[in-house]
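Here the structure comes first, spelled out in structure tokens, and everything after it is commentary.
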Amino acid sequence: MKLTVLSDGSLYDISQMVESVSLSGDLKSCCRTLNFEIIMSPSDKELPYVFIAVGSVVDLYENDANIFHGLVFTKSKSTDDTTMRVTAFDFGYFMKNSYATYRFDGETADAITKQVCTRFGVPIWSLAAPAVPIKRRFNHQPIFKIVDTAYTISAEKTKKKYIMRFRGAALQVLERKMTADIVVKPEVNLQSATYAQSSQGMINHVAIVDEDGKTIDLVMDLDAIRTYGMVHREVRQEKDRDVTAEAQALLDDNKLKNTCSVTILGDSRLMTGDTILLQEPYTGQFGVFWIDADTHTWKKNLYTTKLTLSYQAEMREGQAGQEEKPEDE
């Protein structure tokens with residue numbers, strides 16, 4: 001691991017001065033976060049000192065590959081402590097906190113993303129290119145929501161899942177793979193695995209009702225009802241509303257919850273959006289899993305990677321803006 005800081009025009013390698021480093025990202029966030037603690041002391045004058053200003057450029061390398069490029073946003077230190085804590089974000093921060101207005105008339109998701117990123121100076125690594133024309137107006141929306149919405153609309157047509165993330169300094173939007181990139185198993189790279197299952201929050205019986213509360217139709221999961229008991233909800237029928245789809249979505253989004261996470265020997269290749277093949281006999285978890293969160297930690301010369309896994313490929317969906325209608329409608 002190598003950590004450098006560009007501060008006040010000077011480049012410093014602070015790798016030997018940091019006590020711990022943590023790089024993390026997750027499906028719900030459009031930027032990755034770097035936290036590190038650098039050794040400092042108000043009394044020990046022998047310690048080397050590097051002034052790290054808010055706004056300093058930070059780069060993290062593993063095996064000579066740049067795995068993070070961003071800016072320092074917060075720092076804190078105390079006379080009672082021997083370290084200074086620093087937090088940096090990559091350029092996804094600016095996509096989250098910059099707002100813009102656009103009108104698109106048939107552009108594809110990758111073309112929209114290129115246009116937005118070019119305007120705001122966001123480098124591009126690679127972009128999935130679904131051939132779905134998009135007609136939509138965005139009024140003062142965060143630019144990451146514009147990108148998310150464009151790919152969400154595309155996903156509805158292509159039936160694929162897309163994920164936006166940063167690799168080093170550059171934006172990548174990729175299609176989530178159905179095949180595994182890396183095998184994780186005991187005695188190779190797996191250190192620990194945690195598995196849990198819960199029926200709390202399950203909904204398995206939904207009634208579609210009219211304005212008087214009379215049941216018009218039922219959408220249900222009979223197997224789940226027999227096994228876990230019936231948990232009921234209602235959806236009111238309204239004009240221009242696909243209540244059957246809403247009822248089914250309630251069932252689909254509130255099924256039996258399975259959660260799984262693993263800690264493995266540090267592997268900078270793996271990050272949110274990637275796919276692994278897990279083979280873990282004690283918890284009984286065998287098969288393809290999708291990474292929905294990752295945390296890479298370097299501490300006391302040890303490097304570990306913790307992955308939060310999903311049993312299906314998901315994407316962060318966007319519903320910003322309004323669909324453009326033909327002028328004669």
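Chain identifiers are assigned as A, B, and so on, following the order in which chains appear in the structure tokens; residues are numbered from 1 within each chain, and ligands are numbered from 1 in order of appearance.
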
Shell around Met17 (chain A) at 10 Å using only C-alpha atoms, local window under 5 positions removed, as number ranges by chain: A: 3, 37-40, 47-50, 83

For the residues in that selection, give me C-alpha atoms as a short mmCIF file (atom, residue, chain, number, x, y, z; two decimals), in the first residue's frame.
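Output (out07.cif):
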```
data_model
loop_
_atom_site.label_atom_id
_atom_site.label_comp_id
_atom_site.auth_asym_id
_atom_site.auth_seq_id
_atom_site.Cartn_x
_atom_site.Cartn_y
_atom_site.Cartn_z
CA LEU A 3 -0.54 6.68 0.14
CA GLU A 37 -5.13 8.15 10.57
CA ILE A 38 -1.73 9.78 10.36
CA ILE A 39 0.61 9.69 13.37
CA MET A 40 1.11 13.10 14.99
CA LEU A 47 8.07 12.82 14.45
CA PRO A 48 8.05 13.86 10.78
CA TYR A 49 5.31 16.36 9.97
CA VAL A 50 3.30 16.87 6.79
CA THR A 83 -3.16 10.73 15.36
#
```

Counting only C-alpha atoms, what is within 12 Å of Lys157 (chain A), bar same-chain residues fewer than 3 positions away, as an NGL selection string? :A and (130-134 or 150-154 or 160-161)

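CA of Cys31 (chain A) is positioned 7.9 Å from CA of Lys96 (chain A).
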
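Here the alpha helix (DSSP H) residues in region 205-263 of chain A, by DSSP on the backbone, are Leu222, Asp223, Ala224, Ile225, Arg226, Thr227, Tyr228, Val243, Thr244, Ala245, Glu246, Ala247, Gln248, Ala249, Leu250, Leu251, Asp252 and Asp253 of chain A.
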
From A:Gln197, A:Ala313, A:Glu324, A:Ile203, residue lying nearest Lys159 (chain A) [only C-alpha atoms]: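 That would be A:Ala313, the residue with the smallest distance to Lys159 (chain A).
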
Using 12 Å as the limit and counting only C-alpha atoms, can you tabulate each residue of region 12-35 of chain A that touches region 64-76 of chain A, with its shortest atom-to-atom distance in Å and the two atoms involved, as JSON lines?
```
{"residue": "A:Val21", "atom": "CA", "partner": "A:Phe68", "partner_atom": "CA", "distance": 11.8}
{"residue": "A:Ser22", "atom": "CA", "partner": "A:Phe68", "partner_atom": "CA", "distance": 11.0}
{"residue": "A:Leu23", "atom": "CA", "partner": "A:Phe68", "partner_atom": "CA", "distance": 8.1}
{"residue": "A:Ser24", "atom": "CA", "partner": "A:Phe68", "partner_atom": "CA", "distance": 10.0}
{"residue": "A:Gly25", "atom": "CA", "partner": "A:Phe68", "partner_atom": "CA", "distance": 11.0}
{"residue": "A:Cys31", "atom": "CA", "partner": "A:Gly70", "partner_atom": "CA", "distance": 9.8}
{"residue": "A:Arg32", "atom": "CA", "partner": "A:Phe68", "partner_atom": "CA", "distance": 8.1}
{"residue": "A:Thr33", "atom": "CA", "partner": "A:Gly70", "partner_atom": "CA", "distance": 8.8}
{"residue": "A:Leu34", "atom": "CA", "partner": "A:Phe68", "partner_atom": "CA", "distance": 7.8}
{"residue": "A:Asn35", "atom": "CA", "partner": "A:Val72", "partner_atom": "CA", "distance": 9.5}
```

May I have the selected residues written with C-alpha atoms, as a short mmCIF file (atom, residue, chain, number, x, y, z; two decimals), in the first residue's frame?
```
data_model
loop_
_atom_site.label_atom_id
_atom_site.label_comp_id
_atom_site.auth_asym_id
_atom_site.auth_seq_id
_atom_site.Cartn_x
_atom_site.Cartn_y
_atom_site.Cartn_z
CA VAL A 21 -6.28 3.22 6.13
CA SER A 22 -9.83 2.30 5.09
CA LEU A 23 -11.28 2.55 1.57
CA SER A 24 -14.99 1.82 1.18
CA GLY A 25 -17.90 2.02 -1.22
CA CYS A 31 -18.68 8.11 -4.30
CA ARG A 32 -16.01 6.11 -2.52
CA THR A 33 -14.61 7.16 0.86
CA LEU A 34 -11.04 7.04 2.09
CA ASN A 35 -10.37 7.36 5.83
#
```

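Using only C-alpha atoms, the shortest contact distance between Ala170 (chain A) and any of A:Leu251, A:Ile124, A:Ile276, A:Ala320 is found at A:Ile124.
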
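Closest to Phe144 (chain A) among A:Asp81, A:Glu234, A:Glu317, A:Asp210 is A:Glu317, based on only C-alpha atoms.
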
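One distance worth recording is that between CA of Leu174 (chain A) and CA of Tyr61 (chain A), which is 22.4 Å.
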
Residues within 8 Å of Ser15 (chain A), please, as JSON, numbers by chain. Count only C-alpha atoms; anything in the same chain fewer than 4 positions from it doesn't count. {"A": [1, 2, 3, 4]}

Using only C-alpha atoms, which of the listed residues (A:Leu270, A:Val86, A:Leu11, A:Val54) sits closest to Ile182 (chain A)? A:Leu270

Any idea what's packed within 10 Å of region 136-140 of chain A, counting only C-alpha atoms, ignoring anything in its chain fewer than 4 positions away? Could you give it as number ranges by chain? A: 98-107, 145-146, 149-150, 320-325

Kindly export the residues of the current selection with C-alpha atoms, as a short mmCIF file (atom, residue, chain, number, x, y, z; two decimals), in the first residue's frame.
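Okay, out.cif is ready:
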```cif
data_model
loop_
_atom_site.label_atom_id
_atom_site.label_comp_id
_atom_site.auth_asym_id
_atom_site.auth_seq_id
_atom_site.Cartn_x
_atom_site.Cartn_y
_atom_site.Cartn_z
CA SER A 98 -23.53 19.48 -8.24
CA TYR A 99 -26.95 20.25 -9.75
CA ALA A 100 -27.85 20.92 -13.37
CA THR A 101 -30.73 21.34 -15.82
CA TYR A 102 -30.90 19.33 -19.05
CA ARG A 103 -33.33 18.32 -21.77
CA PHE A 104 -32.57 15.18 -23.74
CA ASP A 105 -34.37 14.22 -26.92
CA GLY A 106 -33.42 10.66 -27.78
CA GLU A 107 -29.84 10.42 -26.49
CA LYS A 145 -29.30 11.23 -10.40
CA ILE A 146 -29.37 12.21 -14.06
CA THR A 149 -32.12 7.76 -14.17
CA ALA A 150 -30.76 7.36 -17.69
CA ALA A 320 -35.36 12.07 -11.47
CA GLY A 321 -36.82 14.40 -14.08
CA GLN A 322 -39.94 14.15 -16.22
CA GLU A 323 -40.55 12.22 -19.41
CA GLU A 324 -40.72 14.41 -22.48
CA LYS A 325 -44.09 14.18 -24.22
#
```

Using only C-alpha atoms, can you tell me which of A:Thr244, A:Ser310, A:Ser78, A:Thr215 comes closest to Ser261 (chain A)? A:Ser310

Contacts of Val209 (chain A) at 7 Å or less, counting only C-alpha atoms, minus same-chain residues fewer than 5 places along, as a PyMOL selection string? chain A and resi 214-216+234-237

Next, the residues of the selection above should be written as an mmCIF file, in the first residue's frame with C-alpha atoms.
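Result written to again-v6.cif:
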```cif
data_model
loop_
_atom_site.group_PDB
_atom_site.id
_atom_site.type_symbol
_atom_site.label_atom_id
_atom_site.label_comp_id
_atom_site.auth_asym_id
_atom_site.auth_seq_id
_atom_site.Cartn_x
_atom_site.Cartn_y
_atom_site.Cartn_z
ATOM 1 C CA LYS A 214 -63.937 -4.048 -1.186
ATOM 2 C CA THR A 215 -61.416 -6.624 -2.415
ATOM 3 C CA ILE A 216 -61.154 -6.750 -6.200
ATOM 4 C CA GLU A 234 -53.767 -3.388 0.677
ATOM 5 C CA VAL A 235 -53.341 -1.377 -2.517
ATOM 6 C CA ARG A 236 -56.167 0.946 -3.531
ATOM 7 C CA GLN A 237 -57.253 0.880 -7.165
#
```

If you measure from CA of Ser56 (chain A) to CA of Ser7 (chain A), what distance in Å do you get, rounded to one decimal?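 If I compute the distance from CA of Ser56 (chain A) to CA of Ser7 (chain A), I get 5.0 Å.
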
Got a sec: who's within 8 Å of Ile225 (chain A), counting only C-alpha atoms, leaving out chain neighbours fewer than 5 positions off, as a PDB file with all heavy atoms, in the first residue's frame?
```
ATOM      1  N   ASN A 204     -46.618 -11.075   2.292  1.00  0.00           N
ATOM      2  CA  ASN A 204     -46.897 -12.192   1.386  1.00  0.00           C
ATOM      3  C   ASN A 204     -48.353 -12.276   0.934  1.00  0.00           C
ATOM      4  O   ASN A 204     -48.755 -13.236   0.272  1.00  0.00           O
ATOM      5  CB  ASN A 204     -46.478 -13.527   2.021  1.00  0.00           C
ATOM      6  CG  ASN A 204     -47.017 -13.702   3.431  1.00  0.00           C
ATOM      7  OD1 ASN A 204     -48.111 -13.227   3.748  1.00  0.00           O
ATOM      8  ND2 ASN A 204     -46.262 -14.395   4.276  1.00  0.00           N
ATOM      9  N   HIS A 205     -49.151 -11.257   1.293  1.00  0.00           N
ATOM     10  CA  HIS A 205     -50.576 -11.280   0.935  1.00  0.00           C
ATOM     11  C   HIS A 205     -51.036  -9.843   0.711  1.00  0.00           C
ATOM     12  O   HIS A 205     -51.034  -9.024   1.635  1.00  0.00           O
ATOM     13  CB  HIS A 205     -51.386 -11.929   2.065  1.00  0.00           C
ATOM     14  CG  HIS A 205     -52.808 -12.251   1.707  1.00  0.00           C
ATOM     15  ND1 HIS A 205     -53.832 -11.338   1.816  1.00  0.00           N
ATOM     16  CD2 HIS A 205     -53.370 -13.403   1.252  1.00  0.00           C
ATOM     17  CE1 HIS A 205     -54.979 -11.908   1.455  1.00  0.00           C
ATOM     18  NE2 HIS A 205     -54.725 -13.157   1.096  1.00  0.00           N
ATOM     19  N   MET A 230     -49.343 -15.368   7.472  1.00  0.00           N
ATOM     20  CA  MET A 230     -49.789 -14.339   6.531  1.00  0.00           C
ATOM     21  C   MET A 230     -49.562 -12.937   7.087  1.00  0.00           C
ATOM     22  O   MET A 230     -49.934 -12.630   8.216  1.00  0.00           O
ATOM     23  CB  MET A 230     -51.276 -14.511   6.213  1.00  0.00           C
ATOM     24  CG  MET A 230     -51.764 -13.565   5.105  1.00  0.00           C
ATOM     25  SD  MET A 230     -53.513 -13.791   4.692  1.00  0.00           S
ATOM     26  CE  MET A 230     -54.278 -12.891   6.037  1.00  0.00           C
ATOM     27  N   VAL A 231     -48.921 -12.089   6.273  1.00  0.00           N
ATOM     28  CA  VAL A 231     -48.772 -10.667   6.572  1.00  0.00           C
ATOM     29  C   VAL A 231     -49.426  -9.907   5.423  1.00  0.00           C
ATOM     30  O   VAL A 231     -49.011 -10.033   4.268  1.00  0.00           O
ATOM     31  CB  VAL A 231     -47.296 -10.266   6.722  1.00  0.00           C
ATOM     32  CG1 VAL A 231     -47.186  -8.780   7.066  1.00  0.00           C
ATOM     33  CG2 VAL A 231     -46.616 -11.107   7.802  1.00  0.00           C
TER      34      VAL A 231
END
```

Taking only C-alpha atoms into account, which of A:Asp59, A:Asp110, A:Asp274, A:Asp8 comes nearest Met178 (chain A)?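 For Met178 (chain A), the nearest of the given residues is A:Asp274.
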